Amino acid sequence: MKKHQKHANITKPDLGNFGRNEWAIIGTPCGNIQQLAYGLIDVLQKSFKVAYVDADHKNTDEPDNLEGDNPALARGATLEYTDKISHHRFDTKAKLDTFQFRTLFNEQDLVLVNGNHFKAKSQIVVIDSRKEKSLEKKLDRLTNVELILLEGEATEVYPFLKNHLEYIKEIPVFHFSQKQKIVEFILGKMFLAMPKLNGLVLAGGKSMRMGTDKGALDYHGKPQREFMADVLNQFCEKTFLSVRSDQNINSEYELLEDKFVGLGPFGAILSAFQKKPNTAWLVVACDLPLLDEESLQFLVENRNTSQLATAFHNPETNFPEPLITIWEPKSYQVLLQFLAQGYSCPRKVLINSEIELLHLKDSKVLMNVNDKEGFDKVMNNDLG
């Protein structure tokens, strides 16, 4: 008998307490944690959107090491959150937990966390005699230790830490003062964490103006949807065809059925993220017969994973072109937020978000063909 499942089996994004890439620095006084975090922000903010999470240190036994009201922001962080005990800065008295944090930190590439006060998906443990007893009481927070730092005169990892971490021999060990090595470690981790790229050919339209299936039109010796998928597949780990549930299509490419019915391309993009929320999606419409390999290579090579999306500027509309766009995983939540506000236009999302906007030398590749007249012009090479 099939087991009853109460909730839908939806693939969850690979998130921690705050974001996709987060490290709690733990095991040393908060002033040291701040010093290390600020030093890392100085360097990492050149490549990533970096956030910092901390708690208020007033009325504690430790000196207040804050430099001004927003020291992390002053060093280039793009978001700073401080638990002020009586309220929260970005200032709200509302209770915040993981679900609220993930929304607020959605567009951050990297979150550095004071692990003495907060948990995070990964940890950097500092061996500092001043916090040895405190660290021993917080072993439950050490779920994925990726780096160990020796502070001061420390030369050995605590015995209780060796017992707790079965894989301790595989963990790199640096000195707390070796900032460059720590930066290189994090950069390496961020490179490995860069979302893989999948391709999505939008082939689920009803082709009302064309009068026949646009995806089946032959511009290049095969159905256009297959041709476009072949081109995308050169740049993507896997390519899918976005289709309606009532379409009967035979293809070597996996069909990705639209789950957000009636929303057009917007729903197709959301359906792709619902299936694979941890990958980026190179989304291309099937009615772009002039779009070529060179243009897509330019798009992929100039992809900015720190932004919500990477898109071409369309000089005809003077707006971003949403249907030749790389949508990063962080855009999933933003697309849903726009939908919740009653908007289902992917172009509106791009216009009102931080994106990487590219300019093509020849904008003819952006030409979409929706009717018989346009089809004849392309076939007769009558493009003006």
# chains A, B, ... in the order shown; residues from 1 in each chain; ligands from 1

$ closest_atom_pairs --of "range 245-288 of chain A" --to "range 300-313 of chain A" --cutoff "12 Å" --atoms "only C-alpha atoms" --output "Markdown table"
| residue | atom | partner | partner_atom | distance |
| --- | --- | --- | --- | --- |
| A:Thr279 | CA | A:Thr305 | CA | 11.0 |
| A:Ala280 | CA | A:Thr305 | CA | 8.8 |
| A:Trp281 | CA | A:Ala309 | CA | 9.4 |
| A:Leu282 | CA | A:Val300 | CA | 8.6 |
| A:Val283 | CA | A:Ala311 | CA | 10.1 |
| A:Val284 | CA | A:Ala311 | CA | 10.9 |

$ select_by_dssp --residues "range 245-344 of chain A" --states "strand (DSSP E or B)" --output "MDAnalysis selection string"
chainID A and resid 254:257 280:285 309:314 319:327

$ select_by_dssp --residues "range 125-345 of chain A" --states "helix (DSSP H, G or I)" --output "PyMOL selection string"
chain A and resi 129-136+139-141+159-164+168-170+179-192+214-216+224-233+264-275+293-301+331-340

$ write_last_selection --atoms "C-alpha atoms" --output "JSON list (two decimals), in the first residue's frame"
[["chain", "number", "residue", "atom", "x", "y", "z"],
["A", 129, "SER", "CA", 42.20, 29.30, 24.77],
["A", 130, "ARG", "CA", 39.96, 32.19, 25.86],
["A", 131, "LYS", "CA", 36.92, 30.42, 24.39],
["A", 132, "GLU", "CA", 37.86, 26.76, 24.81],
["A", 133, "LYS", "CA", 35.20, 25.96, 27.43],
["A", 134, "SER", "CA", 32.58, 27.94, 25.52],
["A", 135, "LEU", "CA", 33.33, 26.06, 22.29],
["A", 136, "GLU", "CA", 33.11, 22.68, 24.05],
["A", 139, "LEU", "CA", 29.67, 21.22, 19.65],
["A", 140, "ASP", "CA", 26.10, 20.82, 18.36],
["A", 141, "ARG", "CA", 26.76, 23.87, 16.15],
["A", 159, "PRO", "CA", 41.10, 16.73, 21.97],
["A", 160, "PHE", "CA", 37.32, 17.13, 22.30],
["A", 161, "LEU", "CA", 37.25, 18.62, 18.79],
["A", 162, "LYS", "CA", 39.24, 15.71, 17.39],
["A", 163, "ASN", "CA", 36.76, 13.31, 18.97],
["A", 164, "HIS", "CA", 33.78, 15.27, 17.62],
["A", 168, "ILE", "CA", 39.34, 16.31, 11.11],
["A", 169, "LYS", "CA", 42.45, 15.20, 9.20],
["A", 170, "GLU", "CA", 40.85, 16.47, 6.00],
["A", 179, "LYS", "CA", 44.30, 36.37, 6.01],
["A", 180, "GLN", "CA", 45.41, 35.76, 2.42],
["A", 181, "LYS", "CA", 45.20, 31.98, 2.85],
["A", 182, "ILE", "CA", 41.77, 32.31, 4.44],
["A", 183, "VAL", "CA", 40.59, 34.50, 1.56],
["A", 184, "GLU", "CA", 41.94, 32.01, -1.00],
["A", 185, "PHE", "CA", 40.16, 29.18, 0.84],
["A", 186, "ILE", "CA", 36.81, 30.99, 0.71],
["A", 187, "LEU", "CA", 37.30, 31.99, -2.93],
["A", 188, "GLY", "CA", 37.95, 28.35, -3.78],
["A", 189, "LYS", "CA", 34.79, 27.27, -1.98],
["A", 190, "MET", "CA", 32.78, 29.98, -3.72],
["A", 191, "PHE", "CA", 34.10, 28.87, -7.11],
["A", 192, "LEU", "CA", 33.05, 25.28, -6.41],
["A", 214, "LYS", "CA", 6.68, 27.77, -34.00],
["A", 215, "GLY", "CA", 8.90, 25.17, -32.38],
["A", 216, "ALA", "CA", 8.39, 22.83, -35.34],
["A", 224, "GLN", "CA", 13.63, 25.05, -34.38],
["A", 225, "ARG", "CA", 13.15, 23.82, -30.81],
["A", 226, "GLU", "CA", 15.62, 20.98, -31.46],
["A", 227, "PHE", "CA", 18.09, 23.31, -33.16],
["A", 228, "MET", "CA", 17.92, 25.77, -30.27],
["A", 229, "ALA", "CA", 18.33, 22.96, -27.74],
["A", 230, "ASP", "CA", 21.42, 21.73, -29.63],
["A", 231, "VAL", "CA", 22.98, 25.19, -29.40],
["A", 232, "LEU", "CA", 22.16, 25.59, -25.70],
["A", 233, "ASN", "CA", 23.49, 22.15, -24.93],
["A", 264, "GLY", "CA", 3.35, 31.88, -20.27],
["A", 265, "PRO", "CA", 7.18, 32.13, -20.14],
["A", 266, "PHE", "CA", 7.01, 33.34, -16.54],
["A", 267, "GLY", "CA", 5.38, 30.06, -15.53],
["A", 268, "ALA", "CA", 7.87, 28.05, -17.58],
["A", 269, "ILE", "CA", 10.80, 29.66, -15.75],
["A", 270, "LEU", "CA", 9.19, 29.01, -12.37],
["A", 271, "SER", "CA", 8.51, 25.40, -13.36],
["A", 272, "ALA", "CA", 12.20, 24.97, -14.20],
["A", 273, "PHE", "CA", 13.23, 26.32, -10.81],
["A", 274, "GLN", "CA", 10.68, 24.14, -9.07],
["A", 275, "LYS", "CA", 12.35, 21.10, -10.66],
["A", 293, "GLU", "CA", 26.19, 30.13, -30.94],
["A", 294, "GLU", "CA", 28.46, 33.19, -30.88],
["A", 295, "SER", "CA", 25.84, 35.36, -29.16],
["A", 296, "LEU", "CA", 25.09, 32.74, -26.52],
["A", 297, "GLN", "CA", 28.79, 32.22, -25.90],
["A", 298, "PHE", "CA", 29.08, 35.98, -25.28],
["A", 299, "LEU", "CA", 26.20, 35.76, -22.81],
["A", 300, "VAL", "CA", 27.68, 32.79, -20.94],
["A", 301, "GLU", "CA", 31.22, 34.19, -20.84],
["A", 331, "SER", "CA", 15.93, 34.85, -8.95],
["A", 332, "TYR", "CA", 13.51, 32.02, -8.05],
["A", 333, "GLN", "CA", 12.40, 33.70, -4.86],
["A", 334, "VAL", "CA", 12.19, 37.11, -6.55],
["A", 335, "LEU", "CA", 10.04, 35.75, -9.38],
["A", 336, "LEU", "CA", 7.65, 34.28, -6.81],
["A", 337, "GLN", "CA", 7.52, 37.59, -4.95],
["A", 338, "PHE", "CA", 6.55, 39.40, -8.16],
["A", 339, "LEU", "CA", 3.89, 36.77, -8.80],
["A", 340, "ALA", "CA", 2.53, 37.30, -5.28]]

$ atom_distance --atom1 "CA of Thr143 in chain A" --atom2 "CA of Gln123 in chain A"
7.6 Å

$ closest_residue --among "A:Leu255, A:Ile85, A:Val126, A:Leu112" --to "Ala154 in chain A" --atoms "only C-alpha atoms"
A:Val126

$ closest_residue --among "A:Gly16, A:Pro223, A:Pro172, A:Pro195" --to "Pro329 in chain A" --atoms "only C-alpha atoms"
A:Pro195

$ closest_residue --among "A:Asp56, A:Asp42, A:Glu22, A:Asp97" --to "Ala74 in chain A" --atoms "only C-alpha atoms"
A:Asp42
